[in-house]
Amino acid sequence: MTALSVSTSSAASLRADALVVGVAKGPKGIVLAPGAEAVNEAFEGKLAEVLGTLGATGAEGETVKVASPAGLKAALVLAVGLGEAAEDGYALETLRRAAGVAARTLAGVKKAALALPAESAEEVEAVALGALLGSYAFGAYKGNGNGKEPVGELVVLTVRKGSKDAKAAVERATAIGEEMNRARDLVNTAPNDLNPKSFAAIAQAAGKEHGLKVEVLDEKALTKGGFGGLLGVGNGSANPPRLVKVAYTHPKAKASLAFVGKGITYDSGGISLKPAGHNETMKCDMAGAAAVFAAVVAAKRLGLAVNVTAWLALAENMPSGSATRPGDVLRMYGGKTVEVLNTDAEGRLVLADAIVKAGEDNPDVIVDVATLTGAMVLALGTRTFGVMANNDELRENLHTLAGEVGEQSWPMPLPAELKKGMTDSTIADLANMGERMGGGLVAGLFLQEFVAEGIDWAHLDIAGPAFHESAPFGYTPKGGTASAVRTLVRFAEQTAANGKA
């Protein structure tokens with residue numbers, strides 16, 4: 001695991017294997033970003049000229065390496081592009097991405113120092129978090145020597161002498177970054193190793209480590225409790241479902257939040273089988289459960305004065321002689337009946353059970369997170385998640401918070417006219433499918449039917465950004481991304497600060 005620290009030492013005097021500086025596009029060529037002053041001095045004021053000769057342009061994400069002169073104790077200088085030069089400081093997301101690119105580029109290096117713009121505590125945190133996320137690598141199944149190890153140690157250089165907030169910023173970045181990387185590990189784990197039972201065991205171990213209360217409902221408890229959604233989805237698998245509650249409480253909390261996560265550890269589509277080309281990455285269908293789990297552990301590590309509970313709705317959706325069939329009717333937890341028209345619309349079934357159960361604790365807000373619909377990917381692409389809610393203010397707030405922490409989201413409506421297709425079932429209260437057009441919104445409307453009256457609720461459909469299949473960019477790796485974790489943590493922080501959701 002990459003170690004992260006902060007230092008007020010000069011970039012010239014710090015012993016490291018590599019030094020990272022920022023460069024940007026100026027009106028007359030590349031310009032050096034704040035933090036590079038000591039390094040430029042060692043190059044006798046010609047660092048920008050040297051980098052330009054080597055082809056540097058300052059474009060976002062670009063990297064150029066150059067050997068260090070005698071005045072530096074690091075053997076290598078890595079220049080990372082920040083994009084257009086900024087007179088009033090660089091955006092925090094720009095710093096996160098630059099630090100992430102640098103950390104990934106320096107894989108195999110034992111120690112690297114980041115001399116990027118980091119004057120404020122917010123900038124220090126952005127650089128630290130980006131670097132920690134960028135250094136991530138999932139190597140659980142790779143043999144020795146297959147790929148470079150992540151950077152061993154990252155040091156964020158800052159000019160904030162005598163200030164405790166820089167250290168606190170790095171500690172906060174460490175807590176959030178490590179929990180995001182935990183979520184990434186879960187998403188990347190092969191489905192023959194991560195099933196509902198093993199996922200529940202991981203939650204129990206984390207609960208013991210961090211002092212969280214963890215309750216696990218196995219298939220017997222789910223049957224006794226009448227959790228028809230979870231049982232219906234899990235019926236076809238040799239790995240039975242689980243409902244896991246991970247609770248963090250704070251003695252000074254004045255509000256409570258419930259985060260509900262879809263945890264389909266593998267989604268074949270069930271009897272409504274997915275075609276080839278659509279099932280190879282379906283281990284990622286538990287990314288919502290991983291996100292809410294990581295967010296609650298992060299809230300505990302940060303000591304937030306708010307009660308936060310994660311509900312992990314875990315099941316494996318497989319075809320077999322015991323699997324739920326299209327046309328079957330499930331009696332959900334709480335009593336509603338659902339006609340299953342498509343067994344590949346299973347996420348909403350497990351979430352519905354968990355949402356009803358979460359509502360029994362009477363939280364101020366329920367937020368569910370799920371890789372729920374391909375329709376949302378078609379609507380918003382692969383880097384943006386959709387936000388729906390039964391409260392306009394809550395929807396806009398979550399969208400704003402996501403932007404603040406660097407996550408792309410977009411507010412989506414819940415048009416009442418799209419409910420008709422679901423409520424037209426002749427044999428059940430609802431069908432699990434409705435209008436084909438607007439399928440992502442239909443799924444949100446289905447979930448809304450299971451939210452208790454008087455509880456504010458939001459739905460984050462992270463189907464697009466949860467699993468990145470293209471080349472890495474910024475601090476985002478190929479594979480699991482930990483989408484929505486930062487938004488949930490920021491929402492918990494806001495709730496703690498305000499004393500209400």
# chains A, B, ... in the order shown; residues from 1 in each chain; ligands from 1

$ residues_around --residues "Glu93 (chain A)" --least-positions-apart "3" --cutoff "12 Å" --atoms "only C-alpha atoms" --output "VMD selection string"
chain A and resid 60 82 to 83 89 to 90 96 to 100 122 to 131 402 to 408 474 to 475

$ select_by_dssp --residues "region 41-76 of chain A" --states "helix (DSSP H, G or I)" --output "PyMOL selection string"
chain A and resi 41-42+47-53

$ write_last_selection --atoms "N, CA and C atoms" --output "short mmCIF file (atom, residue, chain, number, x, y, z; two decimals), in the first residue's frame"
data_model
loop_
_atom_site.label_atom_id
_atom_site.label_comp_id
_atom_site.auth_asym_id
_atom_site.auth_seq_id
_atom_site.Cartn_x
_atom_site.Cartn_y
_atom_site.Cartn_z
N GLU A 41 15.09 26.62 -10.23
CA GLU A 41 16.36 27.23 -9.81
C GLU A 41 17.53 26.27 -10.04
N ALA A 42 17.30 24.99 -9.75
CA ALA A 42 18.36 24.00 -9.97
C ALA A 42 18.69 23.86 -11.45
N LEU A 47 14.13 25.43 -16.78
CA LEU A 47 13.37 24.19 -16.77
C LEU A 47 12.31 24.19 -17.87
N ALA A 48 11.58 25.29 -18.01
CA ALA A 48 10.55 25.35 -19.05
C ALA A 48 11.16 25.18 -20.43
N GLU A 49 12.31 25.81 -20.64
CA GLU A 49 12.99 25.71 -21.94
C GLU A 49 13.42 24.27 -22.22
N VAL A 50 13.97 23.60 -21.20
CA VAL A 50 14.41 22.21 -21.36
C VAL A 50 13.21 21.31 -21.67
N LEU A 51 12.14 21.49 -20.94
CA LEU A 51 10.95 20.67 -21.16
C LEU A 51 10.36 20.91 -22.54
N GLY A 52 10.36 22.17 -22.97
CA GLY A 52 9.87 22.49 -24.31
C GLY A 52 10.69 21.81 -25.39
N THR A 53 12.00 21.77 -25.19
CA THR A 53 12.88 21.10 -26.14
C THR A 53 12.56 19.62 -26.23
#

$ closest_residue --among "A:Lys111, A:Ala79, A:Asp344, A:Gly229" --to "Leu14 (chain A)" --atoms "only C-alpha atoms"
A:Lys111

$ select_by_dssp --residues "region 155-288 of chain A" --states "strand (DSSP E)" --output "PyMOL selection string"
chain A and resi 155-157+213-217+242-248+256-267

$ atom_distance --atom1 "CA of Ala102 (chain A)" --atom2 "CA of Phe491 (chain A)"
28.9 Å

$ atom_distance --atom1 "CA of Thr189 (chain A)" --atom2 "CA of Glu280 (chain A)"
13.1 Å

$ closest_atom_pairs --of "region 293-357 of chain A" --to "region 236-253 of chain A" --cutoff "7 Å" --atoms "only C-alpha atoms" --output "tab-separated table"
residue	atom	partner	partner_atom	distance
A:Val296	CA	A:Tyr248	CA	6.8
A:Lys300	CA	A:Tyr248	CA	6.3
A:Ala305	CA	A:Ala253	CA	4.7
A:Val306	CA	A:Ala253	CA	4.3
A:Asn307	CA	A:Thr249	CA	4.4
A:Val308	CA	A:Tyr248	CA	5.3
A:Thr309	CA	A:Ala247	CA	4.3
A:Ala310	CA	A:Val246	CA	5.0
A:Trp311	CA	A:Lys245	CA	4.8
A:Leu312	CA	A:Val244	CA	4.9
A:Ala313	CA	A:Leu243	CA	5.0
A:Leu314	CA	A:Arg242	CA	5.1
A:Ala315	CA	A:Pro241	CA	4.3
A:Glu316	CA	A:Ser237	CA	6.1
A:Asn317	CA	A:Ser237	CA	6.5
A:Met318	CA	A:Gly236	CA	5.0
A:Pro319	CA	A:Gly236	CA	5.3
A:Ser320	CA	A:Gly236	CA	5.1
A:Gly321	CA	A:Gly236	CA	7.0
A:Ser322	CA	A:Gly236	CA	5.0
A:Ala323	CA	A:Gly236	CA	3.6
A:Thr324	CA	A:Gly236	CA	6.8

$ residues_around --residues "region 394-396 of chain A" --least-positions-apart "3" --cutoff "12 Å" --atoms "only C-alpha atoms" --output "ChimeraX atom specification"
/A:364-367,386-391,399-403,409-414,455-460,491,495,501

$ atom_distance --atom1 "CA of Leu380 (chain A)" --atom2 "CA of Gly440 (chain A)"
10.5 Å

$ closest_residue --among "A:Val77, A:Met422, A:Ala206, A:Ala431" --to "Val329 (chain A)" --atoms "only C-alpha atoms"
A:Ala431

$ residues_around --residues "Lys148 (chain A)" --least-positions-apart "3" --cutoff "12 Å" --atoms "only C-alpha atoms" --output "list in words"
Arg104, Thr105, Leu106, Ala107, Gly108, Val109, Lys110, Ser135, Tyr136, Ala137, Phe138, Gly139, Lys142, Gly143, Asn144, Gly145, Val151 and Gly152 of chain A

$ write_last_selection --atoms "C-alpha atoms" --output "short mmCIF file (atom, residue, chain, number, x, y, z; two decimals), in the first residue's frame"
data_model
loop_
_atom_site.label_atom_id
_atom_site.label_comp_id
_atom_site.auth_asym_id
_atom_site.auth_seq_id
_atom_site.Cartn_x
_atom_site.Cartn_y
_atom_site.Cartn_z
CA ARG A 104 0.61 6.09 -12.19
CA THR A 105 3.54 7.12 -14.44
CA LEU A 106 5.99 6.60 -11.58
CA ALA A 107 4.91 3.03 -10.80
CA GLY A 108 7.97 1.08 -9.67
CA VAL A 109 9.54 4.09 -7.94
CA LYS A 110 10.12 3.78 -4.20
CA SER A 135 -1.11 4.93 -7.61
CA TYR A 136 -3.79 2.23 -7.34
CA ALA A 137 -3.14 -1.12 -8.98
CA PHE A 138 -5.06 -4.36 -8.60
CA GLY A 139 -2.61 -7.26 -8.60
CA LYS A 142 -0.88 -11.49 -11.14
CA GLY A 143 2.30 -13.49 -10.57
CA ASN A 144 5.57 -12.06 -9.27
CA GLY A 145 7.24 -9.74 -11.73
CA VAL A 151 4.85 3.99 -5.86
CA GLY A 152 5.98 3.04 -2.37
#
